[in-house]
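**Q** Hey, dropping data34.csv in here, CSV, C-alpha atoms:
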```csv
chain,number,residue,atom,x,y,z
A,1,MET,CA,94.8,60.1,89.1
A,2,CYS,CA,91.1,59.5,88.5
A,3,ALA,CA,89.8,56.3,87.2
A,4,PRO,CA,89.3,56.2,83.4
A,5,GLU,CA,86.3,58.3,82.5
A,6,THR,CA,83.9,58.1,79.5
A,7,ILE,CA,83.5,61.4,77.6
A,8,ARG,CA,80.5,61.4,75.2
A,9,THR,CA,80.3,63.3,72.0
A,10,SER,CA,77.3,63.1,69.5
A,11,ASP,CA,78.5,59.8,68.0
A,12,THR,CA,81.6,58.7,69.8
A,13,PHE,CA,82.8,57.5,73.1
A,14,PHE,CA,86.4,58.3,74.2
A,15,ARG,CA,88.1,56.4,77.0
A,16,ARG,CA,90.7,58.4,78.7
A,17,GLU,CA,92.8,58.0,81.8
A,18,VAL,CA,92.4,61.4,83.4
A,19,LEU,CA,95.3,62.9,85.4
A,20,TYR,CA,93.0,65.3,87.3
A,21,PRO,CA,89.9,67.3,86.3
A,22,LEU,CA,91.7,69.9,84.3
A,23,SER,CA,92.1,73.4,85.7
A,24,TYR,CA,93.9,76.2,84.1
A,25,GLU,CA,95.4,78.8,86.4
A,26,GLY,CA,93.3,77.5,89.2
A,27,VAL,CA,90.0,77.6,87.4
A,28,PRO,CA,88.2,74.2,87.1
A,29,ILE,CA,87.4,73.1,83.6
A,30,GLN,CA,84.6,70.9,82.3
A,31,TYR,CA,85.9,68.4,79.8
A,32,LYS,CA,84.7,68.5,76.2
A,33,ALA,CA,86.0,66.1,73.6
A,34,PRO,CA,87.8,68.0,70.7
A,35,ARG,CA,85.8,68.0,67.5
A,36,VAL,CA,88.9,67.2,65.4
A,37,ALA,CA,91.3,64.4,66.2
A,38,GLY,CA,95.0,64.9,66.4
A,39,ARG,CA,97.7,65.8,68.8
A,40,HIS,CA,97.2,69.5,68.6
A,41,SER,CA,93.6,69.6,67.5
A,42,VAL,CA,91.6,72.7,68.5
A,43,GLN,CA,87.9,73.1,69.0
A,44,LYS,CA,85.9,76.4,68.6
A,45,PRO,CA,86.9,78.9,71.2
A,46,LEU,CA,85.4,78.3,74.6
A,47,ARG,CA,87.5,80.6,76.6
A,48,PRO,CA,86.1,83.5,78.6
A,49,ALA,CA,87.5,86.9,77.9
A,50,ARG,CA,89.8,86.8,80.9
A,51,PHE,CA,91.9,84.0,79.3
A,52,ALA,CA,92.2,85.5,75.9
A,53,SER,CA,95.5,87.3,76.5
A,54,THR,CA,96.9,84.3,78.4
A,55,LEU,CA,96.4,81.8,75.6
A,56,ARG,CA,97.4,83.8,72.6
A,57,SER,CA,100.7,82.8,71.1
A,58,PRO,CA,103.5,84.9,72.6
A,59,PRO,CA,105.0,87.7,70.5
A,60,GLU,CA,107.8,86.7,68.1
A,61,ASP,CA,110.5,88.3,70.3
A,62,THR,CA,109.3,86.4,73.3
A,63,ARG,CA,109.4,83.1,71.4
A,64,THR,CA,112.9,83.9,70.3
A,65,ARG,CA,114.1,84.6,73.8
A,66,ARG,CA,112.6,81.4,75.0
A,67,GLN,CA,114.2,79.4,72.3
A,68,ASN,CA,117.6,80.9,73.0
A,69,ARG,CA,117.3,80.5,76.7
A,70,SER,CA,119.6,78.0,78.4
A,71,TYR,CA,117.7,75.5,80.5
A,72,ASN,CA,119.9,74.2,83.3
A,73,VAL,CA,117.8,71.3,84.5
A,74,ARG,CA,118.1,67.6,85.2
A,75,MET,CA,116.3,65.3,82.8
A,76,SER,CA,113.5,64.4,85.2
A,77,ILE,CA,110.8,66.6,83.8
A,78,TYR,CA,107.9,64.9,81.9
A,79,ILE,CA,105.1,66.0,79.7
A,80,ASP,CA,102.1,64.2,78.2
A,81,PRO,CA,100.5,65.0,74.8
A,82,PRO,CA,98.3,68.1,74.6
A,83,VAL,CA,94.9,66.4,74.4
A,84,TRP,CA,92.9,67.9,77.3
A,85,PRO,CA,90.6,70.5,75.7
A,86,ALA,CA,89.7,73.9,77.2
A,87,HIS,CA,89.5,77.5,76.2
A,88,GLY,CA,89.9,76.9,72.5
A,89,THR,CA,93.0,74.9,72.8
A,90,VAL,CA,94.3,71.6,74.3
A,91,PHE,CA,96.6,71.2,77.3
A,92,SER,CA,99.4,69.0,78.5
A,93,HIS,CA,100.4,68.1,82.1
A,94,LEU,CA,104.0,68.9,83.0
A,95,ILE,CA,105.5,67.1,86.0
A,96,SER,CA,108.8,66.2,87.8
A,97,ASP,CA,109.5,62.9,89.4
A,98,ALA,CA,112.3,64.4,91.5
A,99,SER,CA,111.0,67.5,93.3
A,100,LEU,CA,108.6,70.4,92.9
A,101,ALA,CA,111.5,72.8,93.2
A,102,GLU,CA,112.9,71.3,90.0
A,103,LEU,CA,109.5,71.5,88.3
A,104,HIS,CA,109.1,75.2,89.3
A,105,GLU,CA,112.6,76.0,88.1
A,106,PHE,CA,111.9,74.4,84.7
A,107,ALA,CA,108.5,76.1,84.4
A,108,ALA,CA,109.9,79.5,85.3
A,109,ALA,CA,112.7,79.1,82.7
A,110,ALA,CA,110.0,78.4,80.1
A,111,GLY,CA,108.0,81.5,81.1
A,112,ILE,CA,105.0,79.5,82.4
A,113,SER,CA,102.9,81.4,84.8
A,114,GLU,CA,102.9,80.2,88.4
A,115,ARG,CA,99.1,80.3,88.3
A,116,ALA,CA,99.2,77.3,85.9
A,117,PHE,CA,100.5,75.1,88.7
A,118,ASP,CA,97.9,72.8,90.2
A,119,ARG,CA,99.4,71.1,93.4
A,120,ASP,CA,101.6,68.6,91.6
A,121,HIS,CA,101.7,69.6,87.9
A,122,TYR,CA,101.4,72.4,85.5
A,123,ASP,CA,98.7,72.7,82.9
A,124,VAL,CA,100.4,74.0,79.7
A,125,PRO,CA,98.8,74.9,76.4
A,126,ALA,CA,99.6,73.1,73.2
A,127,HIS,CA,101.6,75.9,71.6
A,128,LEU,CA,104.3,75.3,74.3
A,129,TYR,CA,104.5,71.6,73.8
A,130,ASP,CA,107.3,71.3,71.3
A,131,GLU,CA,109.4,74.0,73.0
A,132,LEU,CA,109.2,72.2,76.3
A,133,VAL,CA,110.2,68.9,74.7
A,134,GLN,CA,113.2,70.7,73.1
A,135,ALA,CA,114.1,72.2,76.5
A,136,GLY,CA,114.4,68.7,78.0
A,137,ALA,CA,110.9,67.5,79.0
A,138,LYS,CA,110.5,63.8,78.3
A,139,GLU,CA,107.4,62.7,76.3
A,140,LEU,CA,105.2,60.2,78.0
A,141,SER,CA,101.6,59.0,77.3
A,142,GLY,CA,99.0,60.2,79.7
A,143,ALA,CA,98.9,56.8,81.5
A,144,GLN,CA,102.7,56.7,81.7
A,145,LEU,CA,102.8,60.2,83.2
A,146,THR,CA,100.2,59.3,85.7
A,147,ARG,CA,102.1,56.2,86.9
A,148,THR,CA,105.4,58.2,87.0
A,149,LEU,CA,103.8,60.9,89.2
A,150,ILE,CA,102.3,58.3,91.5
A,151,ALA,CA,105.6,56.4,91.8
A,152,SER,CA,107.5,59.7,92.6
A,153,GLY,CA,105.5,60.3,95.8
A,154,LEU,CA,104.7,63.8,94.6
A,155,ARG,CA,101.2,63.2,93.5
A,156,ILE,CA,98.5,64.9,95.6
A,157,PRO,CA,95.4,62.7,95.4
A,158,LEU,CA,92.0,64.4,95.0
A,159,LYS,CA,90.9,63.2,98.4
A,160,GLU,CA,93.8,65.1,100.0
A,161,ARG,CA,93.3,68.4,98.3
A,162,PRO,CA,92.0,71.1,100.7
A,163,GLU,CA,89.2,72.2,98.4
A,164,LYS,CA,87.9,68.6,98.5
A,165,ILE,CA,88.5,68.0,102.1
A,166,ARG,CA,86.9,71.1,103.6
A,167,PRO,CA,83.2,70.4,102.8
A,168,ARG,CA,83.7,66.7,103.9
A,169,LEU,CA,85.2,67.7,107.2
A,170,LEU,CA,82.6,70.4,107.9
A,171,ARG,CA,79.8,67.8,107.3
A,172,ALA,CA,81.5,65.4,109.6
A,173,TRP,CA,81.9,68.1,112.3
A,174,GLU,CA,78.2,68.9,112.1
A,175,ALA,CA,77.2,65.2,112.1
A,176,ALA,CA,79.3,64.6,115.3
A,177,PHE,CA,77.2,67.1,117.2
A,178,ALA,CA,73.8,66.4,115.6
A,179,PRO,CA,72.5,63.8,118.1
A,180,ARG,CA,73.3,66.1,121.1
A,181,LEU,CA,71.8,69.1,119.4
A,182,GLU,CA,68.6,67.2,118.8
A,183,ARG,CA,68.5,66.2,122.4
A,184,ALA,CA,69.4,69.6,123.8
A,185,ASP,CA,66.9,70.9,126.3
A,186,ALA,CA,66.5,74.3,124.8
A,187,SER,CA,64.0,76.4,122.9
A,188,ALA,CA,64.1,76.5,119.1
A,189,GLU,CA,65.8,79.9,119.3
A,190,SER,CA,68.4,78.7,121.8
A,191,ARG,CA,69.0,75.5,119.7
A,192,ALA,CA,69.5,77.6,116.6
A,193,ARG,CA,72.1,79.7,118.5
A,194,LEU,CA,73.9,76.4,119.5
A,195,VAL,CA,74.0,75.2,116.0
A,196,THR,CA,75.6,78.5,114.9
A,197,GLN,CA,78.0,78.3,117.8
A,198,VAL,CA,79.1,74.8,116.8
A,199,ALA,CA,79.4,75.7,113.1
A,200,GLU,CA,81.6,78.7,113.8
A,201,LEU,CA,83.9,76.7,116.0
A,202,GLY,CA,84.3,74.1,113.2
A,203,GLU,CA,85.0,76.8,110.7
A,204,HIS,CA,87.6,78.3,113.0
A,205,LEU,CA,89.3,75.0,113.5
A,206,ILE,CA,89.4,74.1,109.8
A,207,GLN,CA,91.0,77.4,109.1
A,208,ALA,CA,93.8,76.5,111.5
A,209,TRP,CA,94.3,73.2,109.8
A,210,GLU,CA,94.5,74.9,106.4
A,211,GLN,CA,97.3,77.3,107.4
A,212,PRO,CA,99.8,77.5,104.4
A,213,HIS,CA,102.9,76.5,106.4
A,214,ARG,CA,101.4,73.0,107.0
A,215,ALA,CA,102.8,70.4,104.6
A,216,TYR,CA,101.7,67.2,106.4
A,217,HIS,CA,99.8,68.2,109.6
A,218,HIS,CA,97.0,69.8,107.5
A,219,SER,CA,93.4,69.0,106.9
A,220,GLY,CA,94.4,65.9,105.0
A,221,HIS,CA,95.9,64.4,108.1
A,222,LEU,CA,92.8,65.3,110.2
A,223,SER,CA,90.5,63.7,107.6
A,224,GLN,CA,92.6,60.5,107.5
A,225,MET,CA,92.8,60.3,111.3
A,226,LEU,CA,89.0,60.6,111.6
A,227,THR,CA,88.6,57.9,109.0
A,228,ASP,CA,91.1,55.6,110.8
A,229,LEU,CA,89.4,56.2,114.1
A,230,ASP,CA,86.1,55.1,112.6
A,231,ARG,CA,87.8,52.0,111.3
A,232,LEU,CA,89.4,51.2,114.6
A,233,TYR,CA,86.1,51.8,116.5
A,234,ALA,CA,83.9,49.7,114.2
A,235,PRO,CA,84.3,46.5,116.5
A,236,HIS,CA,84.1,48.6,119.7
A,237,SER,CA,81.1,50.8,119.3
A,238,HIS,CA,77.5,49.7,119.0
A,239,THR,CA,76.8,52.7,116.8
A,240,GLY,CA,79.8,52.0,114.5
A,241,SER,CA,81.2,55.5,115.0
A,242,THR,CA,83.8,57.2,117.1
A,243,PRO,CA,82.7,58.7,120.4
A,244,LEU,CA,82.4,62.5,120.4
A,245,PRO,CA,85.2,63.3,122.8
A,246,LEU,CA,87.7,61.4,120.6
A,247,VAL,CA,86.4,63.2,117.5
A,248,LEU,CA,86.9,66.5,119.3
A,249,ALA,CA,90.4,65.5,120.4
A,250,ALA,CA,91.3,64.6,116.8
A,251,TRP,CA,90.1,68.1,115.7
A,252,PHE,CA,92.2,69.8,118.4
A,253,HIS,CA,95.3,67.6,118.7
A,254,ASP,CA,97.3,69.6,116.0
A,255,ALA,CA,95.1,72.7,115.9
A,256,VAL,CA,98.2,74.6,116.9
A,257,TYR,CA,101.2,73.5,114.9
A,258,GLU,CA,104.4,75.5,114.6
A,259,GLY,CA,106.9,72.7,114.6
A,260,ALA,CA,107.6,73.1,118.3
A,261,PRO,CA,107.2,69.6,119.9
A,262,GLY,CA,105.7,69.7,123.3
A,263,GLU,CA,104.7,73.4,123.1
A,264,ASP,CA,102.4,72.7,120.1
A,265,GLU,CA,100.6,70.1,122.2
A,266,ARG,CA,100.4,72.3,125.2
A,267,ARG,CA,98.9,75.2,123.2
A,268,SER,CA,96.5,72.8,121.4
A,269,GLU,CA,95.3,71.5,124.7
A,270,GLN,CA,94.8,75.0,126.0
A,271,LEU,CA,92.8,75.9,122.8
A,272,ALA,CA,90.6,72.9,123.3
A,273,SER,CA,89.9,73.9,126.9
A,274,THR,CA,88.9,77.5,126.1
A,275,SER,CA,87.0,76.6,122.9
A,276,LEU,CA,84.9,73.7,124.4
A,277,GLU,CA,84.1,75.2,127.8
A,278,PRO,CA,81.2,77.2,126.4
A,279,LEU,CA,79.8,73.9,125.0
A,280,VAL,CA,80.0,72.5,128.5
A,281,VAL,CA,78.1,75.4,129.8
A,282,ALA,CA,75.5,74.9,127.1
A,283,GLY,CA,75.1,71.3,128.0
A,284,LEU,CA,76.5,69.7,124.8
A,285,LEU,CA,79.5,68.3,126.7
A,286,ASP,CA,80.1,67.4,130.3
A,287,GLU,CA,83.1,68.4,132.3
A,288,GLU,CA,84.5,64.8,132.3
A,289,GLU,CA,84.4,64.6,128.5
A,290,LEU,CA,86.3,67.9,128.3
A,291,GLN,CA,89.0,66.5,130.5
A,292,LEU,CA,89.2,63.5,128.3
A,293,VAL,CA,89.7,65.7,125.3
A,294,ARG,CA,92.5,67.5,127.1
A,295,LEU,CA,94.1,64.2,128.2
A,296,LEU,CA,94.1,62.8,124.6
A,297,VAL,CA,95.6,66.0,123.1
A,298,ARG,CA,98.3,66.0,125.7
A,299,ALA,CA,99.1,62.3,125.1
A,300,THR,CA,100.0,63.0,121.5
A,301,ALA,CA,103.2,64.7,122.7
A,302,ALA,CA,104.8,61.3,123.7
A,303,HIS,CA,102.4,58.9,122.1
A,304,GLU,CA,102.3,56.7,125.2
A,305,LEU,CA,99.6,55.8,127.6
A,306,PRO,CA,99.6,58.2,130.6
A,307,GLU,CA,100.8,56.4,133.8
A,308,SER,CA,97.5,57.3,135.5
A,309,ALA,CA,94.3,58.9,134.2
A,310,ASP,CA,90.8,59.4,135.5
A,311,LEU,CA,88.6,58.5,132.6
A,312,PRO,CA,84.9,59.3,132.4
A,313,ALA,CA,82.4,56.5,132.9
A,314,GLY,CA,82.2,54.2,129.9
A,315,TYR,CA,85.8,54.9,128.7
A,316,GLU,CA,88.8,52.7,129.2
A,317,PRO,CA,92.6,52.8,128.4
A,318,VAL,CA,91.8,51.2,125.1
A,319,ASP,CA,90.1,54.4,124.0
A,320,ILE,CA,93.5,56.2,124.4
A,321,GLN,CA,95.2,53.4,122.6
A,322,LEU,CA,92.9,53.7,119.6
A,323,PHE,CA,93.2,57.4,119.5
A,324,LEU,CA,97.0,57.4,119.5
A,325,ASP,CA,97.2,54.6,116.9
A,326,ALA,CA,95.0,56.5,114.5
A,327,ASP,CA,97.3,59.5,114.8
A,328,MET,CA,100.3,57.3,113.9
A,329,ALA,CA,98.7,55.2,111.1
A,330,ILE,CA,100.7,57.2,108.4
A,331,LEU,CA,103.8,55.2,109.5
A,332,ALA,CA,102.3,52.2,107.8
A,333,ALA,CA,101.5,53.9,104.5
A,334,GLU,CA,102.6,52.5,101.2
A,335,PRO,CA,106.2,53.7,100.3
A,336,ALA,CA,105.3,56.5,98.0
A,337,ARG,CA,102.8,58.0,100.4
A,338,TYR,CA,105.3,57.5,103.3
A,339,ARG,CA,107.9,59.5,101.4
A,340,ARG,CA,105.4,62.3,100.8
A,341,TYR,CA,104.7,62.3,104.5
A,342,LEU,CA,108.4,62.6,105.3
A,343,ARG,CA,108.8,65.3,102.7
A,344,GLY,CA,106.0,67.2,104.4
A,345,VAL,CA,107.5,66.8,107.8
A,346,ARG,CA,110.9,68.1,106.5
A,347,SER,CA,109.1,71.2,105.1
A,348,GLU,CA,107.4,71.9,108.4
A,349,TYR,CA,110.7,71.7,110.2
A,350,SER,CA,112.5,73.8,107.6
A,351,HIS,CA,113.6,76.2,110.4
A,352,PHE,CA,116.0,73.4,111.4
A,353,ASP,CA,119.2,72.9,109.3
A,354,ASP,CA,119.8,69.6,107.6
A,355,GLU,CA,122.0,68.2,110.4
A,356,ALA,CA,119.7,69.1,113.2
A,357,PHE,CA,116.7,67.6,111.3
A,358,ARG,CA,118.7,64.4,110.6
A,359,ALA,CA,119.7,64.1,114.2
A,360,GLY,CA,116.1,64.7,115.5
A,361,ARG,CA,114.5,62.4,112.9
A,362,THR,CA,116.9,59.5,113.6
A,363,THR,CA,116.4,59.8,117.3
A,364,PHE,CA,112.6,59.6,116.7
A,365,LEU,CA,113.1,56.5,114.5
A,366,ARG,CA,115.3,54.7,116.9
A,367,SER,CA,112.9,55.5,119.8
A,368,ILE,CA,109.9,54.1,117.9
A,369,LEU,CA,111.7,51.1,116.6
A,370,GLY,CA,113.0,50.4,120.1
A,371,ARG,CA,109.5,50.0,121.5
A,372,LYS,CA,108.1,46.5,121.9
A,373,CYS,CA,105.2,47.6,119.7
A,374,VAL,CA,104.8,50.7,117.5
A,375,PHE,CA,101.0,50.5,117.9
A,376,LEU,CA,99.2,50.1,121.2
A,377,SER,CA,95.8,48.6,120.4
A,378,GLU,CA,95.2,45.1,119.2
A,379,GLU,CA,93.5,46.5,116.0
A,380,GLY,CA,96.5,48.8,115.4
A,381,LEU,CA,98.9,46.0,115.7
A,382,GLN,CA,97.1,43.8,113.2
A,383,LEU,CA,96.5,46.6,110.7
A,384,TRP,CA,99.8,48.6,110.8
A,385,GLU,CA,102.6,47.1,112.9
A,386,GLU,CA,104.5,45.2,110.2
A,387,PRO,CA,104.3,47.8,107.3
A,388,ALA,CA,105.2,50.6,109.8
A,389,ARG,CA,108.3,48.8,110.9
A,390,VAL,CA,109.3,48.2,107.3
A,391,ASN,CA,109.0,51.9,106.5
A,392,LEU,CA,110.8,53.0,109.7
A,393,ARG,CA,113.7,50.7,109.2
A,394,ALA,CA,114.0,51.6,105.5
A,395,GLU,CA,114.1,55.3,106.4
A,396,LEU,CA,116.7,54.8,109.2
A,397,THR,CA,118.9,52.9,106.8
A,398,GLU,CA,118.7,55.8,104.3
A,399,TRP,CA,119.7,58.3,107.0
A,400,GLU,CA,122.6,56.0,108.0
A,401,GLN,CA,123.9,55.1,104.6
A,402,ALA,CA,123.0,58.1,102.3
A,403,PRO,CA,121.9,61.1,104.3
A,404,GLN,CA,122.6,63.7,101.7
A,405,THR,CA,120.8,61.7,99.0
A,406,LEU,CA,117.8,61.5,101.2
A,407,LEU,CA,117.9,65.2,102.2
A,408,GLN,CA,118.0,66.1,98.5
A,409,ALA,CA,114.9,63.9,97.9
A,410,LEU,CA,113.0,65.7,100.6
A,411,VAL,CA,113.4,69.1,99.0
A,412,PRO,CA,109.8,70.2,98.3
```
Represent the structure of the file as structure tokens.
**A**
Amino acid sequence: MCAPETIRTSDTFFRREVLYPLSYEGVPIQYKAPRVAGRHSVQKPLRPARFASTLRSPPEDTRTRRQNRSYNVRMSIYIDPPVWPAHGTVFSHLISDASLAELHEFAAAAGISERAFDRDHYDVPAHLYDELVQAGAKELSGAQLTRTLIASGLRIPLKERPEKIRPRLLRAWEAAFAPRLERADASAESRARLVTQVAELGEHLIQAWEQPHRAYHHSGHLSQMLTDLDRLYAPHSHTGSTPLPLVLAAWFHDAVYEGAPGEDERRSEQLASTSLEPLVVAGLLDEEELQLVRLLVRATAAHELPESADLPAGYEPVDIQLFLDADMAILAAEPARYRRYLRGVRSEYSHFDDEAFRAGRTTFLRSILGRKCVFLSEEGLQLWEEPARVNLRAELTEWEQAPQTLLQALVP
């Protein structure tokens, strides 16, 4: 949820705790305060023509069918008052604190279009409010609904939404290459071709990270890993930034992700090799740096230091430690975020049945907890070791004591 925002009218300031910048059916809306106060107050029509049929009250027979419909849902659906103005009406947010599957079921039973879903909530117009409450949605204030969604672990923060992440990642990709492009011994025309070549590779990679089957290993994970690398490297680098080979390894380490451990890393390493070789030829990377990228991508399969590795001049085993720790930092997330990570992993491994997933996950947990240290670097130990062990032990206890309850909680 966004911080409280001030909305100005001609003579009044309204303080509101905003759930998200409102979007209706995927179209961003600019807030305007309603001219008339009241729970269902309506301002003069603002809607474009394409929304007119969507927002009209449904025909009488449709309303009757909805009112007579039996809603078979658990009482964990919540709605806030319709006070968010757009398109000539005001809107509520509809959420579940149990699962998105339950939320979709409830919305479908109410006849709400799937296009009204926005990552973790539905935007619903005022004329449906009373009907949804009668059907079982619990009334909460906007602030209460915000806190409920955060506590459930289902909330998708703005910073993790692909449409927000994409431009940030592409800027970071271009910035990583900028110093070398400036130093490139090439004509202006050749340099322009290099810039285009680098930009196209970044676009290709981000499309891979945005594949729809990814529920955790998506662009949000890449963005957070790059942030964590910069944090870990702050005391190590005189420039205060992560070295280019480690940035490239982060971009490639899950570029191929099909939920096939070992094979995904092998294919990602192969993709890194074939994609970056032209940049070696162009002089933006050297061969030793490419080999380091490949080594780092390969190391994410076991998340352990290789027994032996030929590192380029200026690099040490601590660079591998920092890279692997940044990839594992999610294990130390606060509990709601950790649960959302776990739910994402379960979704990505939906091709395994519940028992196979439980067995594989508990094997992973015992393996990590059995290590002397979860994190390899001194910085990782200080930042993340204790909270990660708390999360891992808590998850393992759930699998041992109430596996079916946990599996139900992981349903997307």
**Q** My list of candidates is A:Glu203, A:Arg155, A:Ser187, A:Thr363. Which is closest to Arg171 (chain A) when distances are computed with all atoms listed in the file?
**A** A:Glu203
**Q** Using only C-alpha atoms, which residue out of A:Ser76, A:Arg294, A:Asp123, A:Gln211 lies closest to Leu100 (chain A)?
**A**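 Among A:Ser76, A:Arg294, A:Asp123, A:Gln211, it is A:Ser76 that comes nearest to Leu100 (chain A).
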**Q** Please measure the separation of CA of Gly220 (chain A) and CA of Phe106 (chain A), giving the value in Å to one decimal.
**A** 28.1 Å
**Q** Please report the interatomic distance between CA of Pro261 (chain A) and CA of Arg214 (chain A) in Å with one decimal.
**A**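 Straight-line distance from CA of Pro261 (chain A) to CA of Arg214 (chain A) works out to 14.5 Å.
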**Q** Looking at A:Ala302, A:Leu285, A:Leu295, A:Leu132, which one is nearest to Gln270 (chain A), with distances taken over all atoms listed in the file?
**A**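 Using all atoms listed in the file, Gln270 (chain A) sits closest to A:Leu295.
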**Q** Neighbours of Thr148 (chain A) within 9 Å (only C-alpha atoms; same-chain residues fewer than 4 positions away dropped), as a list in words?
**A**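 So, after excluding close chain neighbours, the residues are Tyr78, Ile95, Ser96, Asp97, Ala143, Gln144 and Ser152 of chain A.
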